[in-house]
Amino acid sequence: MSRTILVTGGATGIGLAVARRFAAQGDAVTVTGRRPAPLEKAAEETGARAVVCDHTDPAALDRLLAELPASVDVLVNNAGGNTDLDAAPDGGLASYAAAFRANLDANLLTAALTTKAVEDRLAPGGAVVHIGSIAAARGAGSLGAYGAAKAGLGTWNLDLADVLGPRGITANVVSPGYVEDTEFFRDRLSDERRAGLVDATATGRAGRPDDIAAAVVFLASEGARHITGQVLEVNGGAYKTR
Ligand SMILES: NC(=O)c1ccc[n+]([C@@H]2O[C@H](COP(=O)([O-])OP(=O)(O)OC[C@H]3O[C@@H](n4cnc5c(N)ncnc54)[C@H](OP(=O)(O)O)[C@@H]3O)[C@@H](O)[C@H]2O)c1
């Protein structure tokens with residue numbers, strides 16, 4: 001049976017791989033993002049509906065609601081990234097505060113606002129899956145807020161799982177390690193740093209967007225109806241749990 005899926009930030013990288021997987025199952029997918037050009041390309045390739053939306057902006061989310069179906073089976077809160085890679089703080093406290101807030105907005109507020117926006121439309125038997133990061137457990141290697149924002153997402157999800165559970169809706173985080181073929185690093189990942197990230201895995205390779213997409217599709221599937229309030233680490237063993 002075809003389901004309705006919303007993938008935020010679905011035009012590139014991990015979000016695009018998620019959109020591809022759901023579309024290949026015959027689901028009706030909506031992808032969002034701030035830039036129209038990659039969205040149009042993703043829509044053309046996958047058959048998804050594309051809607052321009054900045055998920056930090058409540059008014060933009062109100063407009064998005066008008067474009068969405070009355071019932072949403074799966075919400076994938078994927079939009080995000082380390083905003084410090086776009087604009088490093090210049091050293092002053094005001095700029096540090098702005099950069100800190102930008103990461104919280106991009107990675108934590110986006111997911112919370114989007115979930116609140118579609119909460120009443122989430123269908124029984126549905127799923128919310130957020131894309132976290134290995135940085136939530138390991139830190140992000142700087143005093144920026146990226147790792148803290150992703151960790152906060154996991155904590156916020158604990159309450160979300162309790163709120164949605166009685167309606168038969170699950171809420172989980174898929175937490176990737178290093179994933180190549182995305183726009184995350186903005187072409188600024190050195191060969192040395194990349195080699196270090198691959199060396200840190202037990203599998204000896206970088207993650208691929210489809211590794212993450214497969215985990216998302218599983219958490220939204222019939223076989224995962226009793227899995228909620230969890231963080232699923234997908235990192236080739238770069239960060240292990242027990
Ligand atoms: N790649 C990795 O190694 C890695 C590792 C751990 C976690 N992650 C997480 O995986 C998720 C996907 O990132 P990616 O690796 O696939 O990188 P990506 O290719 O840069 O994808 C991020 C997508 O999110 C969209 N986006 C960002 N902020 C948005 C906003 N405010 N509103 C709407 N859309 C927004 C971007 O499009 P626009 O710029 O057009 O809005 C872009 O399409 C992110 O949450 C990231 O933190 C990635």
# chains A, B, ... in the order shown; residues from 1 in each chain; ligands from 1

$ closest_atom_pairs --of "chain A" --to "ligand 1" --cutoff "6 Å" --atoms "only C-alpha atoms and all ligand atoms" --output "JSON lines"
{"residue": "A:Thr8", "atom": "CA", "partner": "ligand 1", "partner_atom_place_in_ligand_line": "34 (N)", "distance": 5.9}
{"residue": "A:Gly9", "atom": "CA", "partner": "ligand 1", "partner_atom_place_in_ligand_line": "24 (O)", "distance": 3.5}
{"residue": "A:Gly10", "atom": "CA", "partner": "ligand 1", "partner_atom_place_in_ligand_line": "43 (O)", "distance": 5.6}
{"residue": "A:Ala11", "atom": "CA", "partner": "ligand 1", "partner_atom_place_in_ligand_line": "43 (O)", "distance": 4.7}
{"residue": "A:Thr12", "atom": "CA", "partner": "ligand 1", "partner_atom_place_in_ligand_line": "43 (O)", "distance": 4.4}
{"residue": "A:Gly13", "atom": "CA", "partner": "ligand 1", "partner_atom_place_in_ligand_line": "16 (O)", "distance": 3.5}
{"residue": "A:Ile14", "atom": "CA", "partner": "ligand 1", "partner_atom_place_in_ligand_line": "16 (O)", "distance": 3.7}
{"residue": "A:Gly15", "atom": "CA", "partner": "ligand 1", "partner_atom_place_in_ligand_line": "16 (O)", "distance": 5.6}
{"residue": "A:Gly33", "atom": "CA", "partner": "ligand 1", "partner_atom_place_in_ligand_line": "34 (N)", "distance": 3.6}
{"residue": "A:Arg34", "atom": "CA", "partner": "ligand 1", "partner_atom_place_in_ligand_line": "41 (O)", "distance": 3.6}
{"residue": "A:Arg35", "atom": "CA", "partner": "ligand 1", "partner_atom_place_in_ligand_line": "40 (O)", "distance": 3.8}
{"residue": "A:Cys53", "atom": "CA", "partner": "ligand 1", "partner_atom_place_in_ligand_line": "33 (C)", "distance": 5.5}
{"residue": "A:Asp54", "atom": "CA", "partner": "ligand 1", "partner_atom_place_in_ligand_line": "32 (N)", "distance": 3.6}
{"residue": "A:His55", "atom": "CA", "partner": "ligand 1", "partner_atom_place_in_ligand_line": "32 (N)", "distance": 4.0}
{"residue": "A:Thr56", "atom": "CA", "partner": "ligand 1", "partner_atom_place_in_ligand_line": "31 (N)", "distance": 5.1}
{"residue": "A:Asn78", "atom": "CA", "partner": "ligand 1", "partner_atom_place_in_ligand_line": "45 (O)", "distance": 4.8}
{"residue": "A:Ala79", "atom": "CA", "partner": "ligand 1", "partner_atom_place_in_ligand_line": "24 (O)", "distance": 3.7}
{"residue": "A:Gly80", "atom": "CA", "partner": "ligand 1", "partner_atom_place_in_ligand_line": "45 (O)", "distance": 3.7}
{"residue": "A:Gly81", "atom": "CA", "partner": "ligand 1", "partner_atom_place_in_ligand_line": "47 (O)", "distance": 3.6}
{"residue": "A:Ala106", "atom": "CA", "partner": "ligand 1", "partner_atom_place_in_ligand_line": "31 (N)", "distance": 5.3}
{"residue": "A:Ile131", "atom": "CA", "partner": "ligand 1", "partner_atom_place_in_ligand_line": "45 (O)", "distance": 5.2}
{"residue": "A:Gly132", "atom": "CA", "partner": "ligand 1", "partner_atom_place_in_ligand_line": "7 (C)", "distance": 5.6}
{"residue": "A:Ser133", "atom": "CA", "partner": "ligand 1", "partner_atom_place_in_ligand_line": "7 (C)", "distance": 4.0}
{"residue": "A:Ile134", "atom": "CA", "partner": "ligand 1", "partner_atom_place_in_ligand_line": "6 (C)", "distance": 5.9}
{"residue": "A:Pro176", "atom": "CA", "partner": "ligand 1", "partner_atom_place_in_ligand_line": "6 (C)", "distance": 4.4}
{"residue": "A:Gly177", "atom": "CA", "partner": "ligand 1", "partner_atom_place_in_ligand_line": "5 (C)", "distance": 4.9}
{"residue": "A:Tyr178", "atom": "CA", "partner": "ligand 1", "partner_atom_place_in_ligand_line": "3 (O)", "distance": 3.7}
{"residue": "A:Val179", "atom": "CA", "partner": "ligand 1", "partner_atom_place_in_ligand_line": "3 (O)", "distance": 3.7}
{"residue": "A:Glu180", "atom": "CA", "partner": "ligand 1", "partner_atom_place_in_ligand_line": "1 (N)", "distance": 5.9}
{"residue": "A:Thr182", "atom": "CA", "partner": "ligand 1", "partner_atom_place_in_ligand_line": "19 (O)", "distance": 4.0}
{"residue": "A:Glu183", "atom": "CA", "partner": "ligand 1", "partner_atom_place_in_ligand_line": "19 (O)", "distance": 3.6}
{"residue": "A:Phe184", "atom": "CA", "partner": "ligand 1", "partner_atom_place_in_ligand_line": "17 (O)", "distance": 3.8}

$ residues_around --residues "range 152-165 of chain A" --least-positions-apart "3" --cutoff "12 Å" --atoms "only C-alpha atoms" --output "ChimeraX atom specification"
/A:77-78,80,103-113,115-116,119-137,145-149,168-175,225-233

$ select_by_dssp --residues "range 87-188 of chain A" --states "strand (DSSP E)" --output "VMD selection string"
chain A and resid 122 to 131 170 to 176

$ residues_around --residues "range 187-199 of chain A" --least-positions-apart "6" --cutoff "9 Å" --atoms "only C-alpha atoms" --output "PyMOL selection string"
chain A and resi 85+177-178+205-207+236+238

$ write_last_selection --atoms "N, CA, C and O atoms" --output "mmCIF file, in the first residue's frame"
data_model
loop_
_atom_site.group_PDB
_atom_site.id
_atom_site.type_symbol
_atom_site.label_atom_id
_atom_site.label_comp_id
_atom_site.auth_asym_id
_atom_site.auth_seq_id
_atom_site.Cartn_x
_atom_site.Cartn_y
_atom_site.Cartn_z
ATOM 1 N N LEU A 85 30.471 25.207 9.336
ATOM 2 C CA LEU A 85 31.256 25.016 8.119
ATOM 3 C C LEU A 85 30.982 26.121 7.104
ATOM 4 O O LEU A 85 31.797 26.396 6.222
ATOM 5 N N GLY A 177 27.631 7.982 11.078
ATOM 6 C CA GLY A 177 29.031 8.405 11.149
ATOM 7 C C GLY A 177 29.350 9.140 9.850
ATOM 8 O O GLY A 177 28.446 9.688 9.203
ATOM 9 N N TYR A 178 30.601 9.127 9.459
ATOM 10 C CA TYR A 178 30.986 9.824 8.220
ATOM 11 C C TYR A 178 30.293 9.196 7.019
ATOM 12 O O TYR A 178 30.381 7.988 6.798
ATOM 13 N N ARG A 205 35.447 1.407 5.461
ATOM 14 C CA ARG A 205 34.951 2.234 4.347
ATOM 15 C C ARG A 205 34.112 3.385 4.886
ATOM 16 O O ARG A 205 33.647 3.355 6.034
ATOM 17 N N ALA A 206 33.924 4.374 4.013
ATOM 18 C CA ALA A 206 33.038 5.479 4.367
ATOM 19 C C ALA A 206 31.590 5.011 4.292
ATOM 20 O O ALA A 206 31.274 4.066 3.565
ATOM 21 N N GLY A 207 30.728 5.677 5.060
ATOM 22 C CA GLY A 207 29.296 5.421 4.911
ATOM 23 C C GLY A 207 28.799 5.991 3.593
ATOM 24 O O GLY A 207 29.403 6.918 3.038
ATOM 25 N N GLY A 236 29.546 2.039 10.705
ATOM 26 C CA GLY A 236 30.607 1.075 10.397
ATOM 27 C C GLY A 236 31.471 0.732 11.601
ATOM 28 O O GLY A 236 32.583 0.224 11.448
ATOM 29 N N ALA A 238 32.529 2.948 13.889
ATOM 30 C CA ALA A 238 33.383 4.059 14.327
ATOM 31 C C ALA A 238 33.026 4.482 15.755
ATOM 32 O O ALA A 238 33.874 4.984 16.497
#

$ residues_around --residues "Leu68 in chain A" --least-positions-apart "4" --cutoff "8 Å" --atoms "only C-alpha atoms" --output "list of chain:residue names"
A:Thr30, A:Leu64, A:Val72

$ write_last_selection --atoms "all heavy atoms" --output "mmCIF file, in the first residue's frame"
data_model
loop_
_atom_site.group_PDB
_atom_site.id
_atom_site.type_symbol
_atom_site.label_atom_id
_atom_site.label_comp_id
_atom_site.auth_asym_id
_atom_site.auth_seq_id
_atom_site.Cartn_x
_atom_site.Cartn_y
_atom_site.Cartn_z
ATOM 1 N N THR A 30 7.222 13.651 -0.519
ATOM 2 C CA THR A 30 7.453 15.086 -0.657
ATOM 3 C C THR A 30 8.848 15.381 -0.122
ATOM 4 O O THR A 30 9.189 14.937 0.982
ATOM 5 C CB THR A 30 6.417 15.913 0.143
ATOM 6 O OG1 THR A 30 5.110 15.603 -0.336
ATOM 7 C CG2 THR A 30 6.670 17.411 -0.004
ATOM 8 N N LEU A 64 4.010 25.156 4.097
ATOM 9 C CA LEU A 64 4.242 23.769 3.686
ATOM 10 C C LEU A 64 3.003 22.913 3.959
ATOM 11 O O LEU A 64 2.651 22.042 3.158
ATOM 12 C CB LEU A 64 5.465 23.199 4.433
ATOM 13 C CG LEU A 64 5.740 21.701 4.248
ATOM 14 C CD1 LEU A 64 6.104 21.393 2.788
ATOM 15 C CD2 LEU A 64 6.863 21.231 5.168
ATOM 16 N N VAL A 72 -0.051 12.041 6.964
ATOM 17 C CA VAL A 72 1.376 11.784 6.709
ATOM 18 C C VAL A 72 1.764 10.507 7.460
ATOM 19 O O VAL A 72 1.621 10.431 8.675
ATOM 20 C CB VAL A 72 2.244 12.972 7.179
ATOM 21 C CG1 VAL A 72 3.736 12.655 7.033
ATOM 22 C CG2 VAL A 72 1.891 14.242 6.409
#

$ residues_around --residues "Asp84 in chain A" --least-positions-apart "4" --cutoff "10 Å" --atoms "only C-alpha atoms" --output "NGL selection string"
:A and (88-89 or 96 or 99-100 or 102-103 or 142 or 144-146)

$ residues_around --residues "Ser2 in chain A" --least-positions-apart "6" --cutoff "7 Å" --atoms "only C-alpha atoms" --output "ChimeraX atom specification"
/A:26-28

$ write_last_selection --atoms "all heavy atoms" --output "PDB file, in the first residue's frame"
ATOM      1  N   GLY A  26       7.044   2.738  -4.101  1.00  0.00           N
ATOM      2  CA  GLY A  26       5.731   3.176  -4.580  1.00  0.00           C
ATOM      3  C   GLY A  26       5.058   4.177  -3.657  1.00  0.00           C
ATOM      4  O   GLY A  26       3.868   4.472  -3.808  1.00  0.00           O
ATOM      5  N   ASP A  27       5.807   4.709  -2.680  1.00  0.00           N
ATOM      6  CA  ASP A  27       5.222   5.684  -1.764  1.00  0.00           C
ATOM      7  C   ASP A  27       5.146   7.071  -2.405  1.00  0.00           C
ATOM      8  O   ASP A  27       5.916   7.385  -3.325  1.00  0.00           O
ATOM      9  CB  ASP A  27       6.055   5.752  -0.470  1.00  0.00           C
ATOM     10  CG  ASP A  27       5.954   4.465   0.333  1.00  0.00           C
ATOM     11  OD1 ASP A  27       4.873   3.848   0.324  1.00  0.00           O
ATOM     12  OD2 ASP A  27       6.961   4.060   0.953  1.00  0.00           O
ATOM     13  N   ALA A  28       4.265   7.906  -1.903  1.00  0.00           N
ATOM     14  CA  ALA A  28       4.128   9.281  -2.390  1.00  0.00           C
ATOM     15  C   ALA A  28       5.001  10.179  -1.521  1.00  0.00           C
ATOM     16  O   ALA A  28       4.725  10.393  -0.340  1.00  0.00           O
ATOM     17  CB  ALA A  28       2.672   9.723  -2.307  1.00  0.00           C
TER      18      ALA A  28
END

$ select_by_dssp --residues "range 23-113 of chain A" --states "helix (DSSP H, G or I)" --output "ChimeraX atom specification"
/A:23-24,36-46,58-67,83-85,93-113

$ decode --residues "range 175-190 of chain A" --atoms "all heavy atoms" --output "mmCIF file, in the first residue's frame"
data_model
loop_
_atom_site.group_PDB
_atom_site.id
_atom_site.type_symbol
_atom_site.label_atom_id
_atom_site.label_comp_id
_atom_site.auth_asym_id
_atom_site.auth_seq_id
_atom_site.Cartn_x
_atom_site.Cartn_y
_atom_site.Cartn_z
ATOM 1 N N SER A 175 21.568 7.702 13.525
ATOM 2 C CA SER A 175 22.723 8.547 13.810
ATOM 3 C C SER A 175 23.910 8.120 12.947
ATOM 4 O O SER A 175 24.603 7.151 13.260
ATOM 5 C CB SER A 175 23.043 8.393 15.306
ATOM 6 O OG SER A 175 23.951 9.361 15.712
ATOM 7 N N PRO A 176 24.166 8.836 11.850
ATOM 8 C CA PRO A 176 25.245 8.411 10.947
ATOM 9 C C PRO A 176 26.636 8.796 11.456
ATOM 10 O O PRO A 176 26.810 9.812 12.131
ATOM 11 C CB PRO A 176 24.971 9.197 9.655
ATOM 12 C CG PRO A 176 23.636 9.862 9.823
ATOM 13 C CD PRO A 176 23.423 9.987 11.303
ATOM 14 N N GLY A 177 27.631 7.982 11.078
ATOM 15 C CA GLY A 177 29.031 8.405 11.149
ATOM 16 C C GLY A 177 29.350 9.140 9.850
ATOM 17 O O GLY A 177 28.446 9.688 9.203
ATOM 18 N N TYR A 178 30.601 9.127 9.459
ATOM 19 C CA TYR A 178 30.986 9.824 8.220
ATOM 20 C C TYR A 178 30.293 9.196 7.019
ATOM 21 O O TYR A 178 30.381 7.988 6.798
ATOM 22 C CB TYR A 178 32.511 9.781 8.038
ATOM 23 C CG TYR A 178 32.952 10.208 6.658
ATOM 24 C CD1 TYR A 178 32.551 11.428 6.128
ATOM 25 C CD2 TYR A 178 33.751 9.375 5.873
ATOM 26 C CE1 TYR A 178 32.934 11.816 4.844
ATOM 27 C CE2 TYR A 178 34.145 9.755 4.595
ATOM 28 C CZ TYR A 178 33.728 10.968 4.090
ATOM 29 O OH TYR A 178 34.096 11.346 2.825
ATOM 30 N N VAL A 179 29.601 10.046 6.240
ATOM 31 C CA VAL A 179 28.910 9.601 5.028
ATOM 32 C C VAL A 179 29.437 10.417 3.849
ATOM 33 O O VAL A 179 29.380 11.653 3.875
ATOM 34 C CB VAL A 179 27.386 9.792 5.158
ATOM 35 C CG1 VAL A 179 26.678 9.357 3.876
ATOM 36 C CG2 VAL A 179 26.839 9.014 6.356
ATOM 37 N N GLU A 180 29.921 9.734 2.820
ATOM 38 C CA GLU A 180 30.430 10.458 1.645
ATOM 39 C C GLU A 180 29.293 10.720 0.662
ATOM 40 O O GLU A 180 28.161 10.307 0.875
ATOM 41 C CB GLU A 180 31.549 9.646 0.978
ATOM 42 C CG GLU A 180 31.083 8.314 0.428
ATOM 43 C CD GLU A 180 32.223 7.457 -0.101
ATOM 44 O OE1 GLU A 180 33.396 7.868 -0.010
ATOM 45 O OE2 GLU A 180 31.924 6.355 -0.603
ATOM 46 N N ASP A 181 29.619 11.437 -0.422
ATOM 47 C CA ASP A 181 28.626 11.763 -1.468
ATOM 48 C C ASP A 181 27.453 12.581 -0.943
ATOM 49 O O ASP A 181 26.293 12.344 -1.307
ATOM 50 C CB ASP A 181 28.101 10.476 -2.151
ATOM 51 C CG ASP A 181 29.182 9.779 -2.958
ATOM 52 O OD1 ASP A 181 30.135 10.478 -3.388
ATOM 53 O OD2 ASP A 181 29.102 8.551 -3.124
ATOM 54 N N THR A 182 27.751 13.517 -0.068
ATOM 55 C CA THR A 182 26.759 14.483 0.402
ATOM 56 C C THR A 182 27.393 15.872 0.290
ATOM 57 O O THR A 182 28.591 15.998 0.019
ATOM 58 C CB THR A 182 26.376 14.257 1.872
ATOM 59 O OG1 THR A 182 27.443 14.740 2.702
ATOM 60 C CG2 THR A 182 26.115 12.788 2.184
ATOM 61 N N GLU A 183 26.596 16.888 0.555
ATOM 62 C CA GLU A 183 27.143 18.259 0.535
ATOM 63 C C GLU A 183 27.575 18.709 1.934
ATOM 64 O O GLU A 183 27.911 19.866 2.149
ATOM 65 C CB GLU A 183 26.079 19.220 -0.021
ATOM 66 C CG GLU A 183 25.731 18.934 -1.465
ATOM 67 C CD GLU A 183 24.713 19.913 -2.047
ATOM 68 O OE1 GLU A 183 24.275 20.838 -1.337
ATOM 69 O OE2 GLU A 183 24.367 19.733 -3.222
ATOM 70 N N PHE A 184 27.564 17.772 2.884
ATOM 71 C CA PHE A 184 27.798 18.122 4.290
ATOM 72 C C PHE A 184 29.097 18.903 4.492
ATOM 73 O O PHE A 184 29.121 19.924 5.159
ATOM 74 C CB PHE A 184 27.816 16.846 5.141
ATOM 75 C CG PHE A 184 27.988 17.099 6.614
ATOM 76 C CD1 PHE A 184 26.874 17.246 7.437
ATOM 77 C CD2 PHE A 184 29.239 17.189 7.193
ATOM 78 C CE1 PHE A 184 27.008 17.486 8.798
ATOM 79 C CE2 PHE A 184 29.389 17.430 8.560
ATOM 80 C CZ PHE A 184 28.271 17.576 9.352
ATOM 81 N N PHE A 185 30.204 18.384 3.909
ATOM 82 C CA PHE A 185 31.521 18.985 4.178
ATOM 83 C C PHE A 185 31.867 20.118 3.209
ATOM 84 O O PHE A 185 32.972 20.680 3.264
ATOM 85 C CB PHE A 185 32.618 17.915 4.156
ATOM 86 C CG PHE A 185 32.562 16.990 5.345
ATOM 87 C CD1 PHE A 185 31.960 15.740 5.248
ATOM 88 C CD2 PHE A 185 33.069 17.380 6.584
ATOM 89 C CE1 PHE A 185 31.888 14.890 6.348
ATOM 90 C CE2 PHE A 185 33.001 16.532 7.689
ATOM 91 C CZ PHE A 185 32.408 15.287 7.576
ATOM 92 N N ARG A 186 30.922 20.424 2.300
ATOM 93 C CA ARG A 186 31.114 21.572 1.388
ATOM 94 C C ARG A 186 32.418 21.468 0.589
ATOM 95 O O ARG A 186 33.108 22.464 0.390
ATOM 96 C CB ARG A 186 31.130 22.887 2.173
ATOM 97 C CG ARG A 186 29.949 23.113 3.094
ATOM 98 C CD ARG A 186 28.746 23.514 2.273
ATOM 99 N NE ARG A 186 27.635 23.970 3.056
ATOM 100 C CZ ARG A 186 26.564 23.247 3.363
ATOM 101 N NH1 ARG A 186 26.492 21.964 3.033
ATOM 102 N NH2 ARG A 186 25.553 23.772 4.013
ATOM 103 N N ASP A 187 32.841 20.244 0.214
ATOM 104 C CA ASP A 187 34.092 20.036 -0.542
ATOM 105 C C ASP A 187 35.329 20.485 0.222
ATOM 106 O O ASP A 187 36.351 20.814 -0.385
ATOM 107 C CB ASP A 187 34.054 20.798 -1.892
ATOM 108 C CG ASP A 187 33.098 20.138 -2.863
ATOM 109 O OD1 ASP A 187 32.918 18.915 -2.750
ATOM 110 O OD2 ASP A 187 32.536 20.850 -3.704
ATOM 111 N N ARG A 188 35.227 20.540 1.543
ATOM 112 C CA ARG A 188 36.381 21.020 2.307
ATOM 113 C C ARG A 188 36.994 19.937 3.198
ATOM 114 O O ARG A 188 37.746 20.245 4.118
ATOM 115 C CB ARG A 188 35.945 22.230 3.160
ATOM 116 C CG ARG A 188 36.210 23.533 2.415
ATOM 117 C CD ARG A 188 35.830 24.711 3.256
ATOM 118 N NE ARG A 188 34.467 25.122 2.953
ATOM 119 C CZ ARG A 188 33.614 25.610 3.846
ATOM 120 N NH1 ARG A 188 33.971 25.732 5.094
ATOM 121 N NH2 ARG A 188 32.420 25.988 3.473
ATOM 122 N N LEU A 189 36.670 18.676 2.918
ATOM 123 C CA LEU A 189 37.232 17.590 3.714
ATOM 124 C C LEU A 189 38.575 17.198 3.094
ATOM 125 O O LEU A 189 38.627 16.755 1.939
ATOM 126 C CB LEU A 189 36.267 16.404 3.708
ATOM 127 C CG LEU A 189 36.614 15.231 4.602
ATOM 128 C CD1 LEU A 189 36.569 15.646 6.070
ATOM 129 C CD2 LEU A 189 35.653 14.069 4.360
ATOM 130 N N SER A 190 39.657 17.343 3.862
ATOM 131 C CA SER A 190 40.975 17.011 3.308
ATOM 132 C C SER A 190 41.110 15.484 3.172
ATOM 133 O O SER A 190 40.419 14.724 3.859
ATOM 134 C CB SER A 190 42.084 17.530 4.238
ATOM 135 O OG SER A 190 42.071 16.789 5.443
#
